[in-house]
file upload_28.txt (compact mmCIF, C-alpha atoms)
# COMPACT_ATOMS: atom_id res chain seq x y z
CA MET A 1 0.00 0.00 0.00
CA THR A 2 1.39 3.39 -1.00
CA ARG A 3 2.11 5.69 1.93
CA ARG A 4 0.16 8.94 1.93
CA ALA A 5 2.48 11.93 1.49
CA ARG A 6 2.73 14.49 4.31
CA ILE A 7 3.27 18.25 4.29
CA LEU A 8 4.29 19.81 7.60
CA VAL A 9 3.39 23.50 8.05
CA ILE A 10 5.40 24.96 10.93
CA ASN A 11 4.27 28.09 12.76
CA PRO A 12 7.58 29.49 14.12
CA ASN A 13 5.87 31.42 16.92
CA SER A 14 4.18 29.91 19.95
CA ASN A 15 0.76 31.48 19.34
CA GLU A 16 -1.73 28.64 18.98
CA ALA A 17 -4.36 31.01 17.55
CA VAL A 18 -2.06 31.59 14.56
CA THR A 19 -1.60 27.84 14.13
CA GLU A 20 -5.36 27.30 14.19
CA GLY A 21 -5.71 30.03 11.57
CA LEU A 22 -3.21 28.17 9.41
CA ARG A 23 -5.26 24.98 9.72
CA GLN A 24 -8.34 26.79 8.51
CA ALA A 25 -6.41 28.46 5.68
CA VAL A 26 -5.05 25.20 4.25
CA LEU A 27 -8.26 23.22 4.76
CA PRO A 28 -9.53 23.98 1.21
CA LEU A 29 -6.28 22.51 -0.16
CA SER A 30 -6.86 19.11 1.45
CA TYR A 31 -8.50 16.28 -0.47
CA ALA A 32 -8.96 12.59 0.21
CA GLU A 33 -6.33 11.32 -2.22
CA GLY A 34 -3.86 14.12 -1.60
CA PRO A 35 -1.06 14.66 0.90
CA GLU A 36 -1.91 15.02 4.57
CA ILE A 37 -1.35 18.66 5.61
CA ILE A 38 -0.28 19.01 9.24
CA CYS A 39 0.09 22.35 11.05
CA GLU A 40 2.29 22.51 14.14
CA THR A 41 3.54 25.20 16.50
CA LEU A 42 7.20 25.75 17.33
CA ALA A 43 6.97 25.67 21.13
CA GLU A 44 10.37 27.37 21.52
CA GLY A 45 9.32 30.36 19.42
CA PRO A 46 8.26 33.80 20.70
CA PHE A 47 4.56 34.62 20.90
CA GLY A 48 4.94 36.65 17.70
CA ILE A 49 7.88 37.04 15.31
CA GLU A 50 8.15 40.80 15.06
CA THR A 51 11.88 41.65 15.21
CA GLN A 52 15.15 40.52 13.65
CA GLU A 53 16.05 38.99 17.00
CA HIS A 54 12.93 36.84 16.81
CA VAL A 55 13.78 35.82 13.24
CA ASP A 56 17.34 34.85 14.13
CA GLY A 57 16.29 33.13 17.35
CA VAL A 58 14.02 30.56 15.74
CA ALA A 59 16.34 29.54 12.89
CA ILE A 60 18.14 26.71 14.72
CA PRO A 61 15.01 25.39 16.52
CA LEU A 62 13.32 25.25 13.11
CA ARG A 63 16.28 23.36 11.69
CA ARG A 64 16.11 20.87 14.56
CA LYS A 65 12.36 20.39 14.08
CA VAL A 66 12.84 19.72 10.37
CA GLU A 67 15.71 17.31 11.04
CA ALA A 68 13.67 15.39 13.62
CA ALA A 69 10.54 15.07 11.45
CA ASN A 70 10.07 11.54 10.10
CA GLY A 71 7.98 10.70 7.06
CA VAL A 72 7.51 14.33 5.98
CA ASP A 73 7.68 14.92 2.23
CA ALA A 74 7.61 18.74 2.21
CA PHE A 75 7.88 21.54 4.78
CA VAL A 76 6.38 25.02 4.93
CA ILE A 77 7.78 27.68 7.25
CA ALA A 78 4.73 29.80 8.01
CA CYS A 79 6.18 33.20 8.89
CA TYR A 80 6.46 36.05 6.39
CA SER A 81 10.13 36.68 7.24
CA ASP A 82 10.97 33.11 6.12
CA PRO A 83 13.08 32.56 9.27
CA GLY A 84 15.58 29.73 9.07
CA LEU A 85 14.58 28.90 5.49
CA HIS A 86 18.04 28.24 4.13
CA VAL A 87 19.44 26.49 7.19
CA ALA A 88 16.31 24.30 7.31
CA ARG A 89 16.82 23.35 3.67
CA GLU A 90 20.29 22.11 4.60
CA GLY A 91 18.74 19.79 7.19
CA THR A 92 16.52 17.70 4.93
CA ALA A 93 16.31 16.17 1.47
CA SER A 94 12.63 17.18 1.30
CA PRO A 95 11.68 20.58 -0.19
CA VAL A 96 11.21 23.47 2.24
CA PHE A 97 9.02 26.41 1.24
CA GLY A 98 8.99 29.85 2.84
CA ILE A 99 5.67 31.67 2.75
CA ALA A 100 7.16 35.07 1.86
CA GLU A 101 9.01 33.71 -1.15
CA SER A 102 5.99 31.66 -2.23
CA GLY A 103 3.50 34.46 -1.65
CA VAL A 104 5.45 37.01 -3.67
CA LEU A 105 6.05 34.61 -6.55
CA THR A 106 2.33 33.78 -6.62
CA ALA A 107 1.42 37.49 -6.65
CA LEU A 108 3.75 38.03 -9.62
CA ALA A 109 1.78 35.40 -11.53
CA ARG A 110 -1.40 37.46 -10.98
CA ALA A 111 -0.25 41.06 -11.51
CA ASP A 112 2.60 43.19 -12.83
CA ARG A 113 3.09 44.93 -9.48
CA PHE A 114 2.18 43.79 -5.98
CA GLY A 115 1.70 45.38 -2.59
CA VAL A 116 2.31 43.96 0.88
CA ILE A 117 0.34 44.52 4.07
CA ALA A 118 2.86 44.37 6.94
CA ILE A 119 2.07 44.04 10.62
CA LYS A 120 4.34 46.90 11.75
CA SER A 121 6.59 49.58 10.25
CA ARG A 122 9.68 47.94 11.70
CA SER A 123 8.94 44.78 9.71
CA ILE A 124 9.18 46.60 6.39
CA PRO A 125 12.98 47.11 6.19
CA ARG A 126 13.45 43.39 6.82
CA HIS A 127 11.01 42.53 4.05
CA ILE A 128 12.62 45.03 1.67
CA ARG A 129 16.06 43.47 2.21
CA TYR A 130 14.58 40.10 1.30
CA LEU A 131 12.98 41.45 -1.88
CA ARG A 132 16.30 43.01 -2.87
CA GLN A 133 17.97 39.63 -2.45
CA MET A 134 15.29 38.14 -4.70
CA GLY A 135 15.81 40.91 -7.28
CA LEU A 136 12.13 41.90 -7.23
CA MET A 137 12.14 45.50 -6.00
CA ASP A 138 11.01 46.83 -9.39
CA ARG A 139 7.80 44.78 -9.09
CA LEU A 140 6.92 46.07 -5.60
CA ALA A 141 4.26 48.77 -5.70
CA GLY A 142 4.53 49.42 -1.97
CA GLU A 143 4.35 47.99 1.52
CA ARG A 144 2.22 49.56 4.25
CA PRO A 145 1.83 48.57 7.92
CA LEU A 146 -1.21 47.83 10.05
CA GLU A 147 0.72 48.81 13.20
CA MET A 148 -0.70 45.75 14.95
CA SER A 149 0.85 42.75 16.68
CA VAL A 150 0.83 39.21 15.30
CA ALA A 151 -1.69 38.33 18.03
CA ASP A 152 -3.99 41.16 16.94
CA THR A 153 -3.93 40.07 13.29
CA ALA A 154 -4.91 36.55 14.33
CA SER A 155 -7.77 37.45 16.67
CA GLY A 156 -8.36 41.20 16.75
CA ASP A 157 -11.91 42.41 16.14
CA ARG A 158 -10.96 45.36 13.94
CA THR A 159 -8.14 43.73 11.97
CA LEU A 160 -10.13 43.29 8.77
CA GLU A 161 -11.32 46.90 8.83
CA ARG A 162 -7.72 48.10 9.09
CA MET A 163 -6.55 45.68 6.38
CA ILE A 164 -9.21 46.98 3.97
CA ALA A 165 -8.07 50.56 4.55
CA ILE A 166 -4.40 49.70 3.98
CA GLY A 167 -5.25 47.49 0.99
CA ARG A 168 -7.11 50.37 -0.67
CA GLU A 169 -4.08 52.62 -0.23
CA LEU A 170 -1.85 49.99 -1.84
CA LYS A 171 -4.28 49.61 -4.73
CA GLU A 172 -5.39 53.20 -5.32
CA ILE A 173 -2.30 55.17 -4.31
CA ASP A 174 0.59 52.78 -4.92
CA GLY A 175 -0.86 50.99 -7.94
CA ALA A 176 -0.73 47.42 -6.68
CA GLY A 177 -2.52 44.89 -8.88
CA ALA A 178 -2.32 42.16 -6.21
CA ILE A 179 -1.90 42.18 -2.46
CA VAL A 180 0.22 39.82 -0.36
CA MET A 181 -0.75 39.48 3.29
CA GLY A 182 2.55 39.91 5.15
CA CYS A 183 1.83 37.74 8.17
CA ALA A 184 0.58 34.18 8.61
CA GLY A 185 -1.81 35.46 11.29
CA MET A 186 -3.85 37.33 8.63
CA ALA A 187 -4.99 34.10 6.98
CA ARG A 188 -8.68 34.26 7.97
CA HIS A 189 -9.10 37.65 6.31
CA ARG A 190 -8.04 36.74 2.77
CA ARG A 191 -11.43 36.12 1.19
CA PRO A 192 -13.34 39.13 2.62
CA LEU A 193 -10.35 41.38 1.87
CA GLU A 194 -10.26 40.25 -1.76
CA GLU A 195 -14.01 40.81 -2.10
CA GLU A 196 -13.65 44.37 -0.78
CA LEU A 197 -10.61 45.31 -2.87
CA GLY A 198 -11.58 43.64 -6.15
CA ILE A 199 -8.00 42.48 -6.86
CA PRO A 200 -6.20 39.22 -6.02
CA VAL A 201 -5.23 38.85 -2.37
CA ILE A 202 -2.59 36.21 -1.69
CA ASP A 203 -2.43 34.31 1.56
CA PRO A 204 1.25 33.29 1.54
CA THR A 205 0.69 30.09 3.51
CA GLN A 206 -1.85 28.90 0.96
CA ALA A 207 0.63 29.84 -1.77
CA ALA A 208 3.44 27.83 -0.16
CA VAL A 209 1.28 24.77 0.49
CA THR A 210 0.01 24.92 -3.11
CA MET A 211 3.61 24.89 -4.34
CA ALA A 212 4.36 21.93 -2.07
CA LEU A 213 1.33 20.06 -3.42
CA GLY A 214 2.45 20.70 -7.00
CA THR A 215 5.97 19.55 -6.24
CA LEU A 216 4.78 16.31 -4.67
CA ALA A 217 2.29 15.66 -7.47
CA VAL A 218 5.02 15.43 -10.12
CA ARG A 219 7.87 13.89 -8.13
call {"tool": "encode", "arguments": {"input": "upload_28.txt", "output": "structure tokens"}}
result
Amino acid sequence: MTRRARILVINPNSNEAVTEGLRQAVLPLSYAEGPEIICETLAEGPFGIETQEHVDGVAIPLRRKVEAANGVDAFVIACYSDPGLHVAREGTASPVFGIAESGVLTALARADRFGVIAIKSRSIPRHIRYLRQMGLMDRLAGERPLEMSVADTASGDRTLERMIAIGRELKEIDGAGAIVMGCAGMARHRRPLEEELGIPVIDPTQAAVTMALGTLAVR
């Protein structure tokens, strides 16, 4: 009997509400004959990854979690800073997808220029450095912050209202043709945000899992 493939989605922070949001976000990608999609929390992680110190601090624990995982055919690191992505890739023969990289590449397949909704202003320089490394700055329309915490984006009552306002600025002022949600905790807001803005809104975790599914389908 052929073993069912497994995709492990790792939330690098210790906020279980974010992990539950990830489970709901990837649920539409699950099907009976397809890979099992498992979402887990990195217990050693901070409550929210919001600084470079947080990003650097989870890299080795992520690597250890990837190394220790048995029977996993693909990994997704579900934080928009893609913490530990490259060191995790060194720890396994299975593919490892970062949601920032996957989300941006998916947006570029939907529009000439994309915008990003960040959680805080201090996140933006880190994201910009990453886009420069990817050579994609000329495709970035803009990035604007919510000025909220990761916890707020996952469970705050007024998060969607704020995201709509920022999304409209990215679309109408900056000229974005697609929006990438710059935090895994925003996952539950993708569909209503897209309906309000009238342009594609990319949940980066869904984008990364979709890439993992495609990779496993043709291996």
call {"tool": "residues_around", "arguments": {"input": "upload_28.txt", "residues": "Ile7 of chain A", "least_positions_apart": "2", "cutoff": "8 Å", "atoms": "all atoms listed in the file", "output": "ChimeraX atom specification"}}
result
/A:5,9,35-38,72-76,209,212
call {"tool": "atom_distance", "arguments": {"input": "upload_28.txt", "atom1": "atom CA of His54 of chain A", "atom2": "atom CA of Val66 of chain A"}}
result
18.3 Å
call {"tool": "closest_residue", "arguments": {"input": "upload_28.txt", "among": "A:Glu50, A:Glu196, A:Leu27, A:Val104", "to": "Pro125 of chain A", "atoms": "all atoms listed in the file"}}
result
A:Glu50
call {"tool": "residues_around", "arguments": {"input": "upload_28.txt", "residues": "Ala69 of chain A", "least_positions_apart": "4", "cutoff": "9 Å", "atoms": "all atoms listed in the file", "output": "ChimeraX atom specification"}}
result
/A:8,64-65
call {"tool": "residues_around", "arguments": {"input": "upload_28.txt", "residues": "Leu62 of chain A", "least_positions_apart": "5", "cutoff": "9 Å", "atoms": "only C-alpha atoms", "output": "list in words"}}
result
Ile10, Pro12, Leu42, Glu67, Ile77, Pro83, Gly84, Leu85, Val87 and Ala88 of chain A
call {"tool": "write_last_selection", "arguments": {"input": "upload_28.txt", "atoms": "C-alpha atoms", "output": "PDB file, keeping the file's coordinate frame"}}
result
ATOM      1  CA  ILE A  10       5.400  24.960  10.930  1.00  0.00           C
ATOM      2  CA  PRO A  12       7.580  29.490  14.120  1.00  0.00           C
ATOM      3  CA  LEU A  42       7.200  25.750  17.330  1.00  0.00           C
ATOM      4  CA  GLU A  67      15.710  17.310  11.040  1.00  0.00           C
ATOM      5  CA  ILE A  77       7.780  27.680   7.250  1.00  0.00           C
ATOM      6  CA  PRO A  83      13.080  32.560   9.270  1.00  0.00           C
ATOM      7  CA  GLY A  84      15.580  29.730   9.070  1.00  0.00           C
ATOM      8  CA  LEU A  85      14.580  28.900   5.490  1.00  0.00           C
ATOM      9  CA  VAL A  87      19.440  26.490   7.190  1.00  0.00           C
ATOM     10  CA  ALA A  88      16.310  24.300   7.310  1.00  0.00           C
TER      11      ALA A  88
END
call {"tool": "closest_residue", "arguments": {"input": "upload_28.txt", "among": "A:Ser102, A:Thr215, A:Thr51, A:Thr159", "to": "Ser123 of chain A", "atoms": "all atoms listed in the file"}}
result
A:Thr51
call {"tool": "atom_distance", "arguments": {"input": "upload_28.txt", "atom1": "atom CA of Ala109 of chain A", "atom2": "atom CA of Gly175 of chain A"}}
result
16.2 Å
call {"tool": "closest_residue", "arguments": {"input": "upload_28.txt", "among": "A:Glu40, A:Glu195, A:Glu20, A:Asp174", "to": "Gly142 of chain A", "atoms": "all atoms listed in the file"}}
result
A:Asp174
call {"tool": "closest_residue", "arguments": {"input": "upload_28.txt", "among": "A:Met148, A:Ala111, A:Ala118, A:Ala43", "to": "Ala178 of chain A", "atoms": "only C-alpha atoms"}}
result
A:Ala111
call {"tool": "closest_residue", "arguments": {"input": "upload_28.txt", "among": "A:Arg63, A:Glu16, A:Glu53, A:Ala25", "to": "Thr41 of chain A", "atoms": "all atoms listed in the file"}}
result
A:Glu16
call {"tool": "closest_residue", "arguments": {"input": "upload_28.txt", "among": "A:Cys79, A:Val18, A:Ile60, A:Met186", "to": "Ile117 of chain A", "atoms": "all atoms listed in the file"}}
result
A:Met186
call {"tool": "atom_distance", "arguments": {"input": "upload_28.txt", "atom1": "atom CA of Ser149 of chain A", "atom2": "atom CA of Ala184 of chain A"}}
result
11.8 Å
call {"tool": "closest_atom_pairs", "arguments": {"input": "upload_28.txt", "of": "segment 35-116 of chain A", "to": "segment 144-147 of chain A", "cutoff": "12 Å", "atoms": "only C-alpha atoms", "output": "tab-separated table"}}
result
residue	atom	partner	partner_atom	distance
A:Glu50	CA	A:Glu147	CA	11.1
A:Phe114	CA	A:Arg144	CA	11.7
A:Gly115	CA	A:Arg144	CA	8.0
A:Val116	CA	A:Arg144	CA	6.5
call {"tool": "residues_around", "arguments": {"input": "upload_28.txt", "residues": "Asp203 of chain A", "least_positions_apart": "3", "cutoff": "7 Å", "atoms": "all atoms listed in the file", "output": "list in words"}}
result
Gly103, Val180, Met181, Ala187, Arg190, Gln206 and Ala207 of chain A
call {"tool": "residues_around", "arguments": {"input": "upload_28.txt", "residues": "Tyr80 of chain A", "least_positions_apart": "6", "cutoff": "6 Å", "atoms": "all atoms listed in the file", "output": "count of residues only"}}
result
4
